[in-house]
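*Asks:* Input: one structure, supplied below.
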Amino acid sequence: MGGAGNLVANFSLPSFVNRPGLRAPSLVFAVVVVVLLGGLVVGDRLLSQTDRTRASVDAVKSASLIEGFLAVRVTALSALRGAQSYASGEEVAERFVPLAGELQRHLAGFRRVFYADSSGTIRRDLVLTESGIPPLMGVDLDTLQRLRVADAMRRARREGTTQVSASGVLFAGDSGLILLEPLTHQGLFVGVVGGVVPANALLAAALKGDDGARLRLMIEGDGDTIAVLGDVDLRAPTVRAQAVVELPGGGQWDVHVTLASTTEPMRALFWALGLAVLTAITAIMIRERRQTLQIAERSTELERLSGELLRANRAKSEFLASMSHELRTPLNAIVGFVDLLCDGVYGELAPRQIAPVERIAGSANHLRHLVDQVLDLGKMAAGRLEVHIEPMALRPFVLEVASEIEPLLQEKGLQLSIAIGATLPRVRTDPTHLRQIIVNLLGNALKYTDFGGVAVRSRLVGVPSRASGQQARVVTGSQPRFSDTAVDSARAPTAGRPYVALQIADTGIGIAPENHQRIFDEFEQVNPGPRSDSFHRGTGLGLAISRRLARLLGGELTVDSELSKGATFTLWIPLHPSDVAAAGSAGEGPVGGALPGPKSASGGGGIPEAGGGGHGSEKVS
């Protein structure tokens, strides 16, 4: 610029221009020269600005390519979350490697991928590139200080979002970083899937479509240098630019680009050849415009894809709700007409017709129940399930619900023992949802119990002044075993709050401890039975819906069981302090402290239970 300014300041027209015959052409020439010089000065300034703009565009382009590279890698890791839908623990680990093999072409850029359980221990490790890399099986990510992986694991547990580790030396000796994608279920952290990204993969992504003008590329994050490519001769004129990379899950990197300056060598050429300068400026402007259009087109495409994904998810939810409603209407009609047939409204049924009609009625009711479960699940997921709280007495309510399963008890030759204290405080809850929970638990107990019986009892937890101090005695044989540890105050959903713990125990096949959480997952069944017996097989939604309803009512549903020793499900029903105080001021005795001996409605013996001083126990057989 200094040279151009001096040239303009020192310019003077030749003396012959002052001649009268040449004054007009000289003025035109002077004007042309001044315009040309002005154009060259403007062009020189634009060229200098172009260097900076070119560097900025190059930096933004590299940052965008790195962001896209990381976004694609995170999407590939998210695809590995499909292993979570199968189960937890060992089954997730067993499913991880086959699923990673199926998605291998989408995992390009990773050196390896791995799965770590909720404790942070790597359970599965799959190397995707060259061999000879040391395995990571058994490594505890919570204690791994390399790349500050332990810090990333803590953030993944706390925030439940994608985390990027610090950069550093990888396990194979070169540099890189680790991406961690947390796995959650119903708000609980159950593990992570991760991938190792070498630094050369980041550089390859940033250099995609490079025109060779870049002298140096450096990626920095948290004060550390993640990757560097090229070197700069300090004696050569250069221009620098910086752009920001937004990391998945939060955080930023800085991309520094250094380009060779084209201003100094081209200024002399511009002053000598004005047309060349104008042509070069035009070419540069066209190039910048083309790059801007490309970035805009990419942004538009990403927005379109995001909108399509949202619409697809919304359509899926609407389809599920619509189909549930549409199926329930004809099913209600089928059930109604079958009832009319059974009642003889259209004439008495022949003996050979009775069994098929009863089978039709059972299957239709079963299918309607499944449709209702799917519809309830959709409502709970959408947050549209209504709750109507009202005060109610628990004992008559449980007896009424238990009477509904009496035909099933008689059919299987089982006995039902009920011990509900008549002096329990009133509970404030939704009767409809509470009925659904109890019916699901009783039906589940009957389904997996072939001999012995089912027992129901209540315990008051969190009210020390009213504890009876009596302990339930251990029963033997094929009688239901209640777990007293299951209603320990330390296991209450909220410490210090009063609850009624309604327990349902059976003498069925039991549940292994490793499956206690799995049975509450949607569409999960530990002992589903043969596929041909779909009427008894169910869908695996009963316990999942019951736990969701229990939490919706402010309580919880837990299980205590061992294989071949039956199961005890505990429904925690919260009590209002005023109801507890009202019951205490009425001078009532201990409630639910021990299970009293049953009193058979039929006069027979039955399932032996714990002795105690409770009141109002009954035995339904």
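Note on naming: chains are A, B, ... as they come in the structure tokens, residues start from 1 per chain, ligands start from 1 in the order shown.
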Find the spatial neighbours of Gly160 in chain A, counting only C-alpha atoms, within a cut-off of 8 Å - ignore same-chain residues fewer than 2 positions away - and output them as a PyMOL selection string.

*Replies:* chain A and resi 155-158+162+182-184+189

*Asks:* Keeping all heavy atoms, export the residues of the selection given above as a CSV table (one decimal), in the first residue's frame.

*Replies:*
```csv
chain,number,residue,atom,x,y,z
A,155,ARG,N,-18.4,-36.8,33.7
A,155,ARG,CA,-19.3,-35.9,33.0
A,155,ARG,C,-20.4,-36.7,32.3
A,155,ARG,O,-21.6,-36.3,32.3
A,155,ARG,CB,-18.6,-35.0,32.0
A,155,ARG,CG,-17.6,-34.0,32.6
A,155,ARG,CD,-17.2,-33.0,31.6
A,155,ARG,NE,-16.6,-33.5,30.4
A,155,ARG,CZ,-15.3,-33.8,30.3
A,155,ARG,NH1,-14.4,-33.5,31.4
A,155,ARG,NH2,-14.8,-34.3,29.2
A,156,ALA,N,-20.1,-37.8,31.7
A,156,ALA,CA,-21.1,-38.7,31.0
A,156,ALA,C,-22.1,-39.2,32.0
A,156,ALA,O,-23.3,-39.2,31.7
A,156,ALA,CB,-20.4,-39.8,30.3
A,157,ARG,N,-21.7,-39.6,33.2
A,157,ARG,CA,-22.6,-40.0,34.2
A,157,ARG,C,-23.5,-38.9,34.7
A,157,ARG,O,-24.7,-39.0,34.8
A,157,ARG,CB,-21.9,-40.6,35.4
A,157,ARG,CG,-21.4,-42.0,35.2
A,157,ARG,CD,-21.0,-42.6,36.6
A,157,ARG,NE,-20.6,-44.0,36.5
A,157,ARG,CZ,-19.4,-44.4,36.2
A,157,ARG,NH1,-18.5,-43.6,36.1
A,157,ARG,NH2,-19.2,-45.7,36.1
A,158,ARG,N,-22.9,-37.7,34.9
A,158,ARG,CA,-23.6,-36.6,35.5
A,158,ARG,C,-24.6,-36.0,34.5
A,158,ARG,O,-25.7,-35.6,34.8
A,158,ARG,CB,-22.6,-35.6,36.0
A,158,ARG,CG,-23.3,-34.4,36.7
A,158,ARG,CD,-22.3,-33.4,37.2
A,158,ARG,NE,-21.4,-32.8,36.2
A,158,ARG,CZ,-20.2,-33.1,36.0
A,158,ARG,NH1,-19.6,-34.0,36.8
A,158,ARG,NH2,-19.5,-32.5,35.0
A,162,THR,N,-22.9,-36.8,25.1
A,162,THR,CA,-21.7,-37.2,24.5
A,162,THR,C,-20.5,-36.4,25.1
A,162,THR,O,-20.6,-35.2,25.2
A,162,THR,CB,-21.8,-37.0,23.0
A,162,THR,OG1,-22.9,-37.6,22.5
A,162,THR,CG2,-20.5,-37.5,22.3
A,182,PRO,N,-22.9,-42.0,26.3
A,182,PRO,CA,-23.5,-42.6,27.4
A,182,PRO,C,-24.8,-43.4,27.0
A,182,PRO,O,-25.5,-43.0,26.1
A,182,PRO,CB,-23.8,-41.5,28.4
A,182,PRO,CG,-24.0,-40.3,27.5
A,182,PRO,CD,-23.1,-40.5,26.4
A,183,LEU,N,-25.0,-44.5,27.7
A,183,LEU,CA,-26.2,-45.3,27.6
A,183,LEU,C,-27.1,-45.1,28.8
A,183,LEU,O,-26.6,-45.3,30.0
A,183,LEU,CB,-25.9,-46.8,27.4
A,183,LEU,CG,-25.0,-47.2,26.2
A,183,LEU,CD1,-24.7,-48.7,26.2
A,183,LEU,CD2,-25.6,-46.8,24.9
A,184,THR,N,-28.3,-44.7,28.7
A,184,THR,CA,-29.2,-44.5,29.8
A,184,THR,C,-30.5,-45.3,29.6
A,184,THR,O,-30.9,-45.5,28.4
A,184,THR,CB,-29.5,-43.0,30.0
A,184,THR,OG1,-30.1,-42.5,28.8
A,184,THR,CG2,-28.3,-42.2,30.3
A,189,PHE,N,-28.0,-44.3,34.4
A,189,PHE,CA,-26.8,-44.5,33.6
A,189,PHE,C,-26.5,-46.0,33.6
A,189,PHE,O,-26.3,-46.6,34.7
A,189,PHE,CB,-25.6,-43.7,34.2
A,189,PHE,CG,-24.3,-43.9,33.5
A,189,PHE,CD1,-24.0,-43.2,32.3
A,189,PHE,CD2,-23.4,-44.8,34.0
A,189,PHE,CE1,-22.8,-43.4,31.7
A,189,PHE,CE2,-22.2,-45.0,33.4
A,189,PHE,CZ,-21.9,-44.3,32.2
```

*Asks:* Can you pull out the residues contacting Val559 in chain A? Cut-off 12 Å, using only C-alpha atoms, and skip same-chain residues under 3 positions away; I want them as a PyMOL selection string.

*Replies:* chain A and resi 441+482-487+491+501-506+510-520+543+547+556+562+566-572

*Asks:* Between A:His256, A:Arg146, A:Arg551, A:Arg105, which one has atoms that come closest to Ala63 in chain A, using only C-alpha atoms?

*Replies:*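 Ranking A:His256, A:Arg146, A:Arg551, A:Arg105 by distance to Ala63 in chain A, first place goes to A:His256.
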
*Asks:* Provide the CA of Gly555 in chain A to CA of Gln415 in chain A distance in Å, to one decimal place.

*Replies:* 28.1 Å

*Asks:* Find the residue from A:Leu557, A:Lys412, A:Glu288, A:His433 that sits nearest to Leu385 in chain A; use only C-alpha atoms when measuring.

*Replies:*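 Answer, going by the shortest atom-to-atom distance: A:His433.
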
*Asks:* Could you check how far CA of Pro135 in chain A sits from CA of Ile226 in chain A, in Å to one decimal?

*Replies:*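 Between CA of Pro135 in chain A and CA of Ile226 in chain A the gap is 23.4 Å.
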
*Asks:* Could you build a table of the residues in range 112-176 of chain A lying no more than 8 Å from range 243-255 of chain A, giving for each the nearest pair of atoms and their separation in Å rounded to one decimal place, using only C-alpha atoms, ordered by chain and ascending residue number, as a Markdown table?

*Replies:*
```
| residue | atom | partner | partner_atom | distance |
| --- | --- | --- | --- | --- |
| A:Thr161 | CA | A:Gly249 | CA | 5.3 |
| A:Thr162 | CA | A:Gly249 | CA | 4.6 |
| A:Gln163 | CA | A:Gly249 | CA | 5.7 |
| A:Val164 | CA | A:Pro248 | CA | 7.5 |
```

*Asks:* Out of range 167-367 of chain A, which residues get helix (DSSP H, G or I) from DSSP, as a ChimeraX atom specification?

*Replies:* /A:199-206,263-272,274-342,351-367

*Asks:* Would you list the contacts of Gln436 in chain A as an MDAnalysis selection string, taking every protein, DNA or RNA residue within 10 Å and counting only C-alpha atoms, but skipping same-chain residues closer than 3 positions in sequence?

*Replies:* chainID A and resid 401 431:433 439:442 542 545:546 549

*Asks:* What is the CA of Ala582 in chain A-CA of Pro425 in chain A distance in Å, reported with one decimal?

*Replies:* 7.8 Å

*Asks:* Please produce, as a Markdown table, a per-residue contact table for range 349-459 of chain A versus range 325-343 of chain A (criterion: any atom at most 8 Å away, only C-alpha atoms considered), showing the nearest atom pair and its distance in Å to one decimal, sorted by chain then residue number.

*Replies:*
```
| residue | atom | partner | partner_atom | distance |
| --- | --- | --- | --- | --- |
| A:Leu349 | CA | A:Cys342 | CA | 7.4 |
| A:Ile354 | CA | A:Cys342 | CA | 7.7 |
| A:Val357 | CA | A:Val338 | CA | 6.8 |
| A:Glu358 | CA | A:Cys342 | CA | 7.8 |
| A:Ile360 | CA | A:Val338 | CA | 7.5 |
| A:Ala361 | CA | A:Val338 | CA | 6.0 |
| A:Ala364 | CA | A:Val335 | CA | 6.2 |
| A:Asn365 | CA | A:Val335 | CA | 6.8 |
| A:Leu367 | CA | A:Leu331 | CA | 7.8 |
| A:Arg368 | CA | A:Leu331 | CA | 6.2 |
| A:Val371 | CA | A:Arg328 | CA | 6.7 |
| A:Asp372 | CA | A:Arg328 | CA | 7.7 |
| A:Leu375 | CA | A:His325 | CA | 7.8 |
```

*Asks:* Please identify the strand (DSSP E) residues within range 39-171 of chain A (assignment by DSSP from backbone atoms) and present them as a list in words.

*Replies:*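 Written out, the strand (DSSP E) residues of range 39-171 of chain A are Arg112, Val113, Phe114, Tyr115, Ala116, Asp117, Ile122, Arg123, Arg124, Asp125, Leu126, Val127, Gln163, Val164, Gly168 and Val169 of chain A.
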
*Asks:* Take the residues just selected and output them with N, CA, C and O atoms as a PDB file, in the first residue's frame.

*Replies:*
```
ATOM      1  N   ARG A 112     -10.800 -48.044  16.967  1.00  0.00           N
ATOM      2  CA  ARG A 112     -11.449 -49.131  17.692  1.00  0.00           C
ATOM      3  C   ARG A 112     -12.697 -48.573  18.344  1.00  0.00           C
ATOM      4  O   ARG A 112     -12.832 -47.364  18.561  1.00  0.00           O
ATOM      5  N   VAL A 113     -13.644 -49.447  18.649  1.00  0.00           N
ATOM      6  CA  VAL A 113     -14.825 -49.104  19.419  1.00  0.00           C
ATOM      7  C   VAL A 113     -14.933 -50.081  20.574  1.00  0.00           C
ATOM      8  O   VAL A 113     -14.460 -51.220  20.481  1.00  0.00           O
ATOM      9  N   PHE A 114     -15.556 -49.624  21.655  1.00  0.00           N
ATOM     10  CA  PHE A 114     -15.652 -50.488  22.826  1.00  0.00           C
ATOM     11  C   PHE A 114     -16.932 -50.196  23.582  1.00  0.00           C
ATOM     12  O   PHE A 114     -17.586 -49.165  23.366  1.00  0.00           O
ATOM     13  N   TYR A 115     -17.306 -51.138  24.448  1.00  0.00           N
ATOM     14  CA  TYR A 115     -18.474 -50.998  25.337  1.00  0.00           C
ATOM     15  C   TYR A 115     -18.010 -51.174  26.773  1.00  0.00           C
ATOM     16  O   TYR A 115     -17.272 -52.116  27.086  1.00  0.00           O
ATOM     17  N   ALA A 116     -18.406 -50.229  27.637  1.00  0.00           N
ATOM     18  CA  ALA A 116     -18.101 -50.305  29.071  1.00  0.00           C
ATOM     19  C   ALA A 116     -19.406 -50.283  29.851  1.00  0.00           C
ATOM     20  O   ALA A 116     -20.336 -49.545  29.499  1.00  0.00           O
ATOM     21  N   ASP A 117     -19.481 -51.105  30.905  1.00  0.00           N
ATOM     22  CA  ASP A 117     -20.712 -51.184  31.683  1.00  0.00           C
ATOM     23  C   ASP A 117     -20.815 -49.995  32.640  1.00  0.00           C
ATOM     24  O   ASP A 117     -19.996 -49.069  32.597  1.00  0.00           O
ATOM     25  N   ILE A 122     -14.413 -51.846  30.733  1.00  0.00           N
ATOM     26  CA  ILE A 122     -14.595 -52.194  29.329  1.00  0.00           C
ATOM     27  C   ILE A 122     -14.891 -53.682  29.229  1.00  0.00           C
ATOM     28  O   ILE A 122     -14.080 -54.521  29.633  1.00  0.00           O
ATOM     29  N   ARG A 123     -16.069 -53.998  28.666  1.00  0.00           N
ATOM     30  CA  ARG A 123     -16.495 -55.385  28.541  1.00  0.00           C
ATOM     31  C   ARG A 123     -16.241 -55.944  27.147  1.00  0.00           C
ATOM     32  O   ARG A 123     -16.063 -57.150  26.976  1.00  0.00           O
ATOM     33  N   ARG A 124     -16.296 -55.104  26.158  1.00  0.00           N
ATOM     34  CA  ARG A 124     -16.046 -55.541  24.778  1.00  0.00           C
ATOM     35  C   ARG A 124     -15.205 -54.479  24.059  1.00  0.00           C
ATOM     36  O   ARG A 124     -15.415 -53.276  24.250  1.00  0.00           O
ATOM     37  N   ASP A 125     -14.244 -54.955  23.242  1.00  0.00           N
ATOM     38  CA  ASP A 125     -13.324 -54.060  22.533  1.00  0.00           C
ATOM     39  C   ASP A 125     -13.127 -54.614  21.125  1.00  0.00           C
ATOM     40  O   ASP A 125     -12.766 -55.785  20.970  1.00  0.00           O
ATOM     41  N   LEU A 126     -13.401 -53.801  20.123  1.00  0.00           N
ATOM     42  CA  LEU A 126     -13.298 -54.246  18.729  1.00  0.00           C
ATOM     43  C   LEU A 126     -12.352 -53.313  17.978  1.00  0.00           C
ATOM     44  O   LEU A 126     -12.623 -52.114  17.849  1.00  0.00           O
ATOM     45  N   VAL A 127     -11.215 -53.842  17.501  1.00  0.00           N
ATOM     46  CA  VAL A 127     -10.241 -53.070  16.731  1.00  0.00           C
ATOM     47  C   VAL A 127     -10.686 -53.065  15.277  1.00  0.00           C
ATOM     48  O   VAL A 127     -10.945 -54.117  14.686  1.00  0.00           O
ATOM     49  N   GLN A 163     -19.414 -37.119  25.301  1.00  0.00           N
ATOM     50  CA  GLN A 163     -18.226 -36.490  25.873  1.00  0.00           C
ATOM     51  C   GLN A 163     -17.017 -36.777  24.988  1.00  0.00           C
ATOM     52  O   GLN A 163     -16.897 -37.858  24.412  1.00  0.00           O
ATOM     53  N   VAL A 164     -16.139 -35.762  24.908  1.00  0.00           N
ATOM     54  CA  VAL A 164     -14.896 -35.877  24.153  1.00  0.00           C
ATOM     55  C   VAL A 164     -13.752 -35.783  25.148  1.00  0.00           C
ATOM     56  O   VAL A 164     -13.670 -34.819  25.931  1.00  0.00           O
ATOM     57  N   GLY A 168      -4.051 -36.714  23.457  1.00  0.00           N
ATOM     58  CA  GLY A 168      -2.790 -37.197  23.986  1.00  0.00           C
ATOM     59  C   GLY A 168      -2.357 -38.453  23.274  1.00  0.00           C
ATOM     60  O   GLY A 168      -2.844 -38.788  22.198  1.00  0.00           O
ATOM     61  N   VAL A 169      -1.427 -39.162  23.902  1.00  0.00           N
ATOM     62  CA  VAL A 169      -0.872 -40.378  23.309  1.00  0.00           C
ATOM     63  C   VAL A 169      -1.863 -41.518  23.521  1.00  0.00           C
ATOM     64  O   VAL A 169      -2.300 -41.782  24.640  1.00  0.00           O
TER      65      VAL A 169
END
```

*Asks:* Which residue gives the smallest distance to Ala55 in chain A among A:Leu259, A:Ala100, A:Leu434, A:Leu141, with only C-alpha atoms counted?

*Replies:*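 Using only C-alpha atoms, the shortest distance to Ala55 in chain A belongs to A:Leu259.
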